[in-house]
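Note: the block below is final04.cif and it holds mmCIF, C-alpha atoms.
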data_my_file
loop_
_atom_site.group_PDB
_atom_site.id
_atom_site.type_symbol
_atom_site.label_atom_id
_atom_site.label_comp_id
_atom_site.auth_asym_id
_atom_site.auth_seq_id
_atom_site.Cartn_x
_atom_site.Cartn_y
_atom_site.Cartn_z
ATOM 1 C CA MET I 1 219.590 -69.098 -87.711
ATOM 2 C CA SER I 2 222.258 -71.308 -89.306
ATOM 3 C CA ALA I 3 222.227 -72.207 -93.027
ATOM 4 C CA GLN I 4 221.712 -75.824 -92.022
ATOM 5 C CA ARG I 5 218.485 -74.953 -90.208
ATOM 6 C CA ARG I 6 217.236 -72.643 -92.980
ATOM 7 C CA ASN I 7 217.671 -75.424 -95.519
ATOM 8 C CA MET I 8 215.272 -77.569 -93.507
ATOM 9 C CA ALA I 9 212.331 -75.231 -94.048
ATOM 10 C CA SER I 10 210.845 -77.611 -96.657
ATOM 11 C CA PRO I 11 212.697 -80.888 -96.118
ATOM 12 C CA LYS I 12 212.378 -83.848 -98.444
ATOM 13 C CA PRO I 13 211.470 -87.257 -96.984
ATOM 14 C CA SER I 14 215.020 -88.454 -97.561
ATOM 15 C CA GLU I 15 216.347 -85.437 -95.626
ATOM 16 C CA LEU I 16 213.996 -86.136 -92.744
ATOM 17 C CA ARG I 17 215.125 -89.757 -92.605
ATOM 18 C CA GLU I 18 218.741 -88.611 -92.638
ATOM 19 C CA VAL I 19 218.196 -86.111 -89.800
ATOM 20 C CA PHE I 20 216.230 -88.581 -87.718
ATOM 21 C CA GLY I 21 218.792 -91.349 -88.283
ATOM 22 C CA ALA I 22 221.665 -89.040 -87.275
ATOM 23 C CA ASN I 23 219.789 -87.928 -84.161
ATOM 24 C CA LEU I 24 218.960 -91.491 -83.190
ATOM 25 C CA ARG I 25 222.586 -92.591 -83.631
ATOM 26 C CA LYS I 26 223.718 -89.734 -81.405
ATOM 27 C CA LEU I 27 221.140 -90.506 -78.719
ATOM 28 C CA ALA I 28 221.815 -94.247 -78.874
ATOM 29 C CA SER I 29 225.576 -93.721 -78.495
ATOM 30 C CA ASP I 30 225.075 -93.076 -74.768
ATOM 31 C CA HIS I 31 223.797 -96.623 -74.290
ATOM 32 C CA ASN I 32 225.966 -99.715 -73.900
ATOM 33 C CA SER I 33 224.359 -101.750 -76.635
ATOM 34 C CA ILE I 34 221.778 -101.361 -79.380
ATOM 35 C CA ALA I 35 220.278 -104.723 -78.427
ATOM 36 C CA GLY I 36 219.680 -103.596 -74.854
ATOM 37 C CA LEU I 37 218.250 -100.283 -76.048
ATOM 38 C CA CYS I 38 215.822 -102.076 -78.361
ATOM 39 C CA ARG I 39 214.668 -104.272 -75.475
ATOM 40 C CA GLU I 40 214.014 -101.191 -73.309
ATOM 41 C CA LEU I 41 212.118 -99.509 -76.146
ATOM 42 C CA GLU I 42 210.364 -102.757 -77.124
ATOM 43 C CA ILE I 43 211.254 -102.113 -80.765
ATOM 44 C CA ASN I 44 212.384 -104.798 -83.232
ATOM 45 C CA ARG I 45 216.158 -104.504 -83.678
ATOM 46 C CA THR I 46 216.043 -104.934 -87.447
ATOM 47 C CA GLN I 47 213.537 -102.103 -87.752
ATOM 48 C CA PHE I 48 215.531 -99.966 -85.312
ATOM 49 C CA ASN I 49 218.624 -100.420 -87.483
ATOM 50 C CA ARG I 50 216.618 -99.129 -90.455
ATOM 51 C CA TYR I 51 215.812 -95.994 -88.427
ATOM 52 C CA LEU I 52 219.482 -95.613 -87.533
ATOM 53 C CA SER I 53 220.581 -95.853 -91.144
ATOM 54 C CA GLY I 54 217.960 -93.375 -92.354
ATOM 55 C CA ASP I 55 216.213 -95.976 -94.505
ATOM 56 C CA SER I 56 212.885 -95.793 -92.663
ATOM 57 C CA PHE I 57 210.618 -93.593 -90.557
ATOM 58 C CA PRO I 58 208.941 -94.829 -87.376
ATOM 59 C CA ARG I 59 205.166 -94.881 -87.117
ATOM 60 C CA PRO I 60 203.703 -92.003 -85.029
ATOM 61 C CA ASP I 61 203.253 -94.232 -81.977
ATOM 62 C CA ILE I 62 206.833 -95.529 -82.240
ATOM 63 C CA LEU I 63 208.147 -91.990 -82.744
ATOM 64 C CA HIS I 64 206.302 -90.902 -79.585
ATOM 65 C CA LYS I 65 207.799 -93.797 -77.633
ATOM 66 C CA ILE I 66 211.328 -92.930 -78.804
ATOM 67 C CA ALA I 67 210.893 -89.208 -78.111
ATOM 68 C CA VAL I 68 209.546 -89.804 -74.575
ATOM 69 C CA PHE I 69 212.278 -92.331 -73.805
ATOM 70 C CA PHE I 70 215.040 -89.860 -74.699
ATOM 71 C CA GLY I 71 213.254 -86.830 -73.234
ATOM 72 C CA LYS I 72 212.898 -85.109 -76.616
ATOM 73 C CA ASP I 73 209.986 -84.122 -78.824
ATOM 74 C CA ALA I 74 208.967 -84.699 -82.447
ATOM 75 C CA ARG I 75 211.543 -82.142 -83.615
ATOM 76 C CA ILE I 76 214.020 -85.020 -83.680
ATOM 77 C CA LEU I 77 212.545 -85.632 -87.158
ATOM 78 C CA LEU I 78 213.310 -82.096 -88.294
ATOM 79 C CA GLU I 79 216.350 -80.661 -86.497
ATOM 80 C CA PRO I 80 219.743 -81.943 -85.422
ATOM 81 C CA VAL I 81 219.455 -83.011 -81.817
ATOM 82 C CA GLU I 82 222.093 -80.522 -80.644
ATOM 83 C CA TYR I 83 219.741 -77.676 -81.686
ATOM 84 C CA ILE I 84 216.827 -79.023 -79.675
ATOM 85 C CA GLU I 85 216.707 -77.370 -76.289
ATOM 86 C CA GLU I 86 215.847 -79.455 -73.288
ATOM 87 C CA PRO I 87 212.222 -78.866 -72.278
ATOM 88 C CA SER I 88 211.751 -76.431 -69.402
ATOM 89 C CA ARG I 89 210.129 -78.610 -66.764
ATOM 90 C CA ASP I 90 209.840 -78.103 -63.048
ATOM 91 C CA LEU I 91 209.286 -80.886 -60.546
ATOM 92 C CA LEU I 92 205.477 -80.734 -60.432
ATOM 93 C CA HIS I 93 205.300 -80.795 -64.249
ATOM 94 C CA HIS I 94 207.705 -83.709 -64.645
ATOM 95 C CA PRO I 95 206.103 -86.583 -66.623
ATOM 96 C CA VAL I 96 206.151 -88.782 -63.518
ATOM 97 C CA LEU I 97 203.996 -86.269 -61.589
ATOM 98 C CA GLN I 98 202.223 -84.078 -64.150
ATOM 99 C CA ASP I 99 198.986 -86.104 -64.111
ATOM 100 C CA PHE I 100 198.919 -85.902 -60.306
ATOM 101 C CA PHE I 101 200.058 -82.293 -59.834
ATOM 102 C CA GLY I 102 200.690 -80.368 -63.060
ATOM 103 C CA GLU I 103 199.263 -77.021 -64.138
ATOM 104 C CA LYS I 104 195.916 -77.225 -62.332
ATOM 105 C CA ILE I 105 197.478 -77.336 -58.884
ATOM 106 C CA THR I 106 199.805 -74.373 -59.554
ATOM 107 C CA GLN I 107 197.200 -72.074 -61.119
ATOM 108 C CA VAL I 108 195.685 -70.305 -58.112
ATOM 109 C CA PRO I 109 193.051 -67.727 -59.167
ATOM 110 C CA GLU I 110 193.356 -64.187 -57.830
ATOM 111 C CA THR I 111 189.721 -64.446 -56.766
ATOM 112 C CA LEU I 112 190.567 -67.350 -54.493
ATOM 113 C CA PHE I 113 193.760 -65.972 -52.935
ATOM 114 C CA PRO I 114 194.654 -62.451 -54.125
ATOM 115 C CA SER I 115 198.170 -61.053 -54.384
ATOM 116 C CA GLY I 116 199.173 -58.552 -51.720
ATOM 117 C CA PHE I 117 200.284 -58.348 -48.083
ATOM 118 C CA TYR I 118 198.854 -60.628 -45.419
ATOM 119 C CA ARG I 119 199.062 -60.591 -41.641
ATOM 120 C CA PHE I 120 198.989 -64.088 -40.226
ATOM 121 C CA SER I 121 198.831 -65.493 -36.734
ATOM 122 C CA ARG I 122 199.244 -68.889 -35.117
ATOM 123 C CA PRO I 123 200.317 -70.395 -31.780
ATOM 124 C CA SER I 124 204.080 -70.644 -31.408
ATOM 125 C CA PHE I 125 205.556 -74.051 -32.171
ATOM 126 C CA VAL I 126 208.185 -73.699 -29.443
ATOM 127 C CA GLU I 127 206.980 -71.153 -26.857
ATOM 128 C CA PRO I 128 204.032 -72.366 -24.729
ATOM 129 C CA MET I 129 201.211 -69.837 -24.361
ATOM 130 C CA LYS I 130 202.814 -67.571 -26.974
ATOM 131 C CA PHE I 131 201.577 -66.655 -30.440
ATOM 132 C CA ILE I 132 203.260 -65.495 -33.627
ATOM 133 C CA LEU I 133 202.153 -62.475 -35.635
ATOM 134 C CA ALA I 134 203.848 -62.118 -39.002
ATOM 135 C CA LEU I 135 203.621 -60.273 -42.288
ATOM 136 C CA VAL I 136 203.972 -62.035 -45.639
ATOM 137 C CA ARG I 137 203.729 -60.985 -49.248
ATOM 138 C CA VAL I 138 201.915 -63.040 -51.903
ATOM 139 C CA TRP I 139 202.568 -62.379 -55.584
ATOM 140 C CA ARG I 140 202.250 -63.902 -59.051
ATOM 141 C CA GLN I 141 205.187 -64.525 -61.374
ATOM 142 C CA ASP I 142 205.619 -66.748 -64.457
ATOM 143 C CA GLY I 143 202.222 -68.354 -63.891
ATOM 144 C CA TYR I 144 202.937 -69.335 -60.273
ATOM 145 C CA THR I 145 201.883 -67.929 -56.900
ATOM 146 C CA PHE I 146 204.680 -67.260 -54.416
ATOM 147 C CA VAL I 147 204.874 -66.240 -50.761
ATOM 148 C CA ARG I 148 207.719 -64.572 -48.836
ATOM 149 C CA GLY I 149 208.172 -63.629 -45.179
ATOM 150 C CA LEU I 150 210.620 -63.371 -42.285
ATOM 151 C CA GLU I 151 210.752 -65.472 -39.142
ATOM 152 C CA ALA I 152 210.507 -63.614 -35.826
ATOM 153 C CA LYS I 153 213.810 -62.143 -34.593
ATOM 154 C CA ALA I 154 213.161 -63.283 -31.030
ATOM 155 C CA ALA I 155 212.752 -66.910 -32.088
ATOM 156 C CA PHE I 156 216.193 -66.896 -33.679
ATOM 157 C CA ALA I 157 217.871 -64.899 -30.926
ATOM 158 C CA ASP I 158 216.557 -67.286 -28.249
ATOM 159 C CA GLN I 159 218.169 -70.210 -30.092
ATOM 160 C CA GLY I 160 221.466 -68.408 -30.603
ATOM 161 C CA LEU I 161 220.948 -68.248 -34.364
ATOM 162 C CA PRO I 162 221.847 -65.340 -36.655
ATOM 163 C CA TRP I 163 218.810 -63.088 -36.887
ATOM 164 C CA ASP I 164 219.717 -61.006 -39.935
ATOM 165 C CA ALA I 165 217.030 -60.795 -42.630
ATOM 166 C CA LYS I 166 218.755 -63.275 -44.955
ATOM 167 C CA SER I 167 218.913 -65.963 -42.264
ATOM 168 C CA ARG I 168 215.272 -65.450 -41.259
ATOM 169 C CA GLU I 169 213.798 -65.257 -44.760
ATOM 170 C CA TYR I 170 211.516 -67.995 -45.999
ATOM 171 C CA ARG I 171 209.833 -68.405 -49.353
ATOM 172 C CA GLY I 172 207.349 -70.816 -50.793
ATOM 173 C CA THR I 173 204.601 -71.518 -53.231
ATOM 174 C CA VAL I 174 200.806 -71.576 -53.067
ATOM 175 C CA MET I 175 198.901 -74.474 -54.641
ATOM 176 C CA MET I 176 195.288 -75.356 -55.286
ATOM 177 C CA GLN I 177 193.373 -77.936 -53.292
ATOM 178 C CA GLU I 178 189.803 -79.144 -53.640
ATOM 179 C CA GLU I 179 188.564 -77.118 -50.669
ATOM 180 C CA GLY I 180 191.202 -74.408 -50.339
ATOM 181 C CA ILE I 181 194.891 -73.807 -50.873
ATOM 182 C CA THR I 182 198.155 -75.159 -49.525
ATOM 183 C CA LEU I 183 201.365 -73.279 -48.766
ATOM 184 C CA LEU I 184 204.728 -75.010 -48.864
ATOM 185 C CA THR I 185 207.515 -72.814 -47.488
ATOM 186 C CA SER I 186 211.150 -73.260 -46.606
ATOM 187 C CA ARG I 187 214.046 -71.263 -45.216
ATOM 188 C CA ARG I 188 217.125 -70.814 -47.398
ATOM 189 C CA ASN I 189 218.767 -74.108 -48.434
ATOM 190 C CA ALA I 190 215.759 -75.997 -47.049
ATOM 191 C CA THR I 191 217.011 -75.813 -43.468
ATOM 192 C CA THR I 192 213.399 -76.009 -42.317
ATOM 193 C CA CYS I 193 210.134 -76.588 -44.090
ATOM 194 C CA SER I 194 206.491 -76.023 -43.215
ATOM 195 C CA PHE I 195 203.194 -76.949 -44.795
ATOM 196 C CA GLY I 196 199.942 -75.074 -44.387
ATOM 197 C CA PHE I 197 196.338 -75.401 -45.490
ATOM 198 C CA LEU I 198 193.850 -72.521 -45.705
ATOM 199 C CA ASN I 199 190.272 -72.022 -46.777
ATOM 200 C CA LYS I 200 188.050 -68.969 -46.845
ATOM 201 C CA ALA I 201 186.572 -67.884 -43.515
ATOM 202 C CA PRO I 202 183.256 -65.991 -43.389
ATOM 203 C CA SER I 203 183.946 -62.323 -42.700
ATOM 204 C CA PHE I 204 182.412 -58.960 -43.460
ATOM 205 C CA GLN I 205 185.185 -57.925 -45.863
ATOM 206 C CA ASN I 206 185.818 -61.439 -47.163
ATOM 207 C CA ASN I 207 189.527 -61.092 -46.411
ATOM 208 C CA TYR I 208 190.230 -63.915 -43.946
ATOM 209 C CA TRP I 209 191.472 -67.462 -44.457
ATOM 210 C CA VAL I 210 191.746 -70.052 -41.692
ATOM 211 C CA GLY I 211 193.462 -73.427 -41.519
ATOM 212 C CA PHE I 212 196.538 -74.985 -39.966
ATOM 213 C CA ALA I 213 200.327 -75.037 -40.222
ATOM 214 C CA THR I 214 202.699 -77.942 -39.628
ATOM 215 C CA ARG I 215 206.465 -78.093 -39.216
ATOM 216 C CA THR I 216 208.867 -80.836 -40.263
ATOM 217 C CA VAL I 217 210.394 -82.057 -37.012
ATOM 218 C CA PRO I 218 210.525 -85.568 -35.516
ATOM 219 C CA GLU I 219 207.948 -86.699 -32.988
ATOM 220 C CA GLY I 220 209.061 -86.146 -29.409
ATOM 221 C CA ILE I 221 210.688 -82.739 -29.893
ATOM 222 C CA ASP I 222 209.316 -80.191 -27.438
ATOM 223 C CA GLY I 223 206.502 -78.041 -28.780
ATOM 224 C CA SER I 224 203.687 -78.550 -31.269
ATOM 225 C CA ARG I 225 203.994 -79.868 -34.795
ATOM 226 C CA ALA I 226 200.569 -78.690 -35.998
ATOM 227 C CA VAL I 227 198.606 -75.573 -34.996
ATOM 228 C CA ARG I 228 195.738 -73.461 -36.268
ATOM 229 C CA MET I 229 196.618 -70.517 -38.501
ATOM 230 C CA VAL I 230 194.809 -67.378 -39.712
ATOM 231 C CA PHE I 231 195.641 -65.230 -42.756
ATOM 232 C CA GLU I 232 194.216 -61.729 -43.104
ATOM 233 C CA ARG I 233 194.655 -59.852 -46.384
ATOM 234 C CA LEU I 234 195.534 -56.221 -45.706
ATOM 235 C CA GLU I 235 194.380 -53.177 -47.617
ATOM 236 C CA ASN I 236 196.798 -52.147 -50.342
ATOM 237 C CA GLU I 237 197.741 -49.018 -48.450
ATOM 238 C CA THR I 238 200.962 -48.067 -46.681
ATOM 239 C CA GLY I 239 199.324 -47.390 -43.285
ATOM 240 C CA PRO I 240 197.822 -50.832 -42.560
ATOM 241 C CA ILE I 241 200.901 -52.602 -43.920
ATOM 242 C CA LEU I 242 203.342 -50.603 -41.784
ATOM 243 C CA SER I 243 201.110 -51.017 -38.730
ATOM 244 C CA ALA I 244 201.105 -54.795 -39.199
ATOM 245 C CA ALA I 245 204.883 -54.789 -39.744
ATOM 246 C CA ARG I 246 205.438 -53.018 -36.410
ATOM 247 C CA SER I 247 203.510 -55.698 -34.497
ATOM 248 C CA VAL I 248 205.251 -58.816 -35.846
ATOM 249 C CA GLY I 249 206.912 -61.308 -33.507
ATOM 250 C CA PHE I 250 205.864 -63.163 -30.353
ATOM 251 C CA CYS I 251 202.811 -61.929 -28.506
ATOM 252 C CA ASP I 252 200.340 -62.972 -25.818
ATOM 253 C CA GLU I 253 196.841 -64.106 -26.668
ATOM 254 C CA ASP I 254 195.409 -60.776 -25.463
ATOM 255 C CA SER I 255 197.573 -58.936 -28.014
ATOM 256 C CA LEU I 256 196.151 -60.831 -30.985
ATOM 257 C CA PRO I 257 193.719 -58.949 -33.235
ATOM 258 C CA ALA I 258 190.208 -59.760 -31.990
ATOM 259 C CA PHE I 259 189.015 -61.601 -35.092
ATOM 260 C CA HIS I 260 192.258 -63.597 -35.272
ATOM 261 C CA ARG I 261 191.686 -64.716 -31.693
ATOM 262 C CA ARG I 262 188.154 -65.759 -32.552
ATOM 263 C CA LEU I 263 189.195 -67.761 -35.628
ATOM 264 C CA LEU I 264 192.107 -69.426 -33.814
ATOM 265 C CA ARG I 265 189.631 -70.766 -31.215
ATOM 266 C CA THR I 266 192.354 -70.673 -28.602
ATOM 267 C CA GLU I 267 190.128 -72.316 -25.979
ATOM 268 C CA GLU I 268 189.773 -75.464 -28.131
ATOM 269 C CA PRO I 269 192.587 -77.988 -28.671
ATOM 270 C CA PHE I 270 193.653 -78.483 -32.287
ATOM 271 C CA LYS I 271 192.400 -81.790 -33.667
#
Conversion result in structure tokens:
Amino acid sequence: MSAQRRNMASPKPSELREVFGANLRKLASDHNSIAGLCRELEINRTQFNRYLSGDSFPRPDILHKIAVFFGKDARILLEPVEYIEEPSRDLLHHPVLQDFFGEKITQVPETLFPSGFYRFSRPSFVEPMKFILALVRVWRQDGYTFVRGLEAKAAFADQGLPWDAKSREYRGTVMMQEEGITLLTSRRNATTCSFGFLNKAPSFQNNYWVGFATRTVPEGIDGSRAVRMVFERLENETGPILSAARSVGFCDEDSLPAFHRRLLRTEEPFK
């Protein structure tokens, strides 16, 4: 810690005014005019000049308005602005969205959707009468729930695309909904994106989720844009996981696991 910061451990009011005034001058220097800045902040220019000169403190509500406007926090009263790190803020926690998304939507309880390996199935988006079986991993990190998987090799080979693991990899996040969870996944560099919704399906071992998946393509392109989807959480043992891994890719309806076929309701059109 620098000597300048140590000396601020018990600052005097005059020191606080000096620090705040210096910070405000630095922040205001990026704007074309003080008059225009005061209009945006809806603060009297005479009073704002007193803040700039270090002659006055703002009231708590005015301080909050200034801090939010410049994307800082109340430390602008205590520390030089160059020492204040930018807040770590992802898209869903940005002030514009935090009351609509925020922490609640990203905190998915283990009891609702446990970490581990899942086998999932759905009708193919592009191959009529074909189905996809795939293996994905769900895990927790830094307070978020993530999902990772690989697209089927055959799907890429048929389109003349590279089918190495890096090209086929997709990742995404799991989020809370009122009646289930959503999955938002994308291939590398957002070349494709898909959205899915799942809720718990009644089963003996309580390890199935059923819902639907959608893909981001324009209307009119051959194939479906929304299909039913089933997730099955596998036992945390090498045998079941390897067995599921060996069966991934395109398959016929008869090759689907029996309970997957039942939950997909293949005889009923998706509504």
>> Just the number, please: distance in Å from atom CA of Phe231 of chain I to atom CA of Ala165 of chain I, one decimal.
In response: 21.8 Å
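Here the question is which of I:Asp90, I:Val217, I:Phe20, I:Val108 gets nearest to Ile66 of chain I using all atoms listed in the file, and that residue is I:Phe20.
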>> Since I can't run it myself right now, could you work out what the PyMOL selection byres ((chain I and resi 250) around 6) selects here and report it as a list in words?
In response: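 Given this file, the PyMOL selection byres ((chain I and resi 250) around 6) evaluates to Phe131, Ile132, Gly249 and Cys251 of chain I.
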> Can you list what the PyMOL selection byres ((chain I and resi 236-241) around 9) grabs from this structure, as a list in words?
Replying inline: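 That expression, the PyMOL selection byres ((chain I and resi 236-241) around 9), corresponds here to Gly116, Phe117, Tyr118, Arg119, Leu135, Arg233, Leu234, Glu235, Leu242, Ser243, Ala244, Ala245 and Arg246 of chain I.
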>> Just want the 9 Å neighbourhood of segment 122-126 of chain I, counted on all atoms listed in the file, with same-chain residues fewer than 4 positions away dropped. Output as a list in words.
In response: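 Listing them by chain and then by number gives Lys130, Phe131, Ile132, Leu133, Ala155, Phe212, Ala213, Thr214, Arg215, Asp222, Gly223, Ser224, Arg225, Ala226, Val227, Arg228, Met229, Val230, Phe250, Glu253, His260, Leu264 and Thr266 of chain I.
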>> So that I can check the surroundings of Pro58 of chain I, please list as an NGL selection string every protein, DNA and RNA residue that reaches within 12 Å of it, counting only C-alpha atoms and ignoring chain neighbours fewer than 4 positions away.
In response: :I and (16-17 or 20-21 or 24 or 43-44 or 47-52 or 54 or 62-67 or 74 or 76-77)
> atom CA of Val138 of chain I to atom CA of Asp254 of chain I: how many Å, to one decimal?
Replying inline: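 The value is 27.3 Å.
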> Given the file above and the PyMOL selection byres ((chain I and resi 171) around 12), which residues are selected, and can you give them as a PyMOL selection string?
Replying inline: chain I and resi 136-139+145-151+166-170+172-174+183-195
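Across I:Glu15, I:Thr182, I:Ala28, I:Pro80, the tightest approach to Glu40 of chain I is made by I:Ala28 when counting all atoms listed in the file.
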> Separation of atom CA of Ser115 of chain I and atom CA of Arg140 of chain I, in Å?
Replying inline: 6.8 Å
For segment 201-216 of chain I, what centre and edge lengths in Å (one decimal) does the axis-aligned box get once 5 Å is added on each side of all its listed atoms, as AutoDock Vina command-line options?
--center_x 195.6 --center_y -69.4 --center_z -43.2 --size_x 36.5 --size_y 32.9 --size_z 17.9
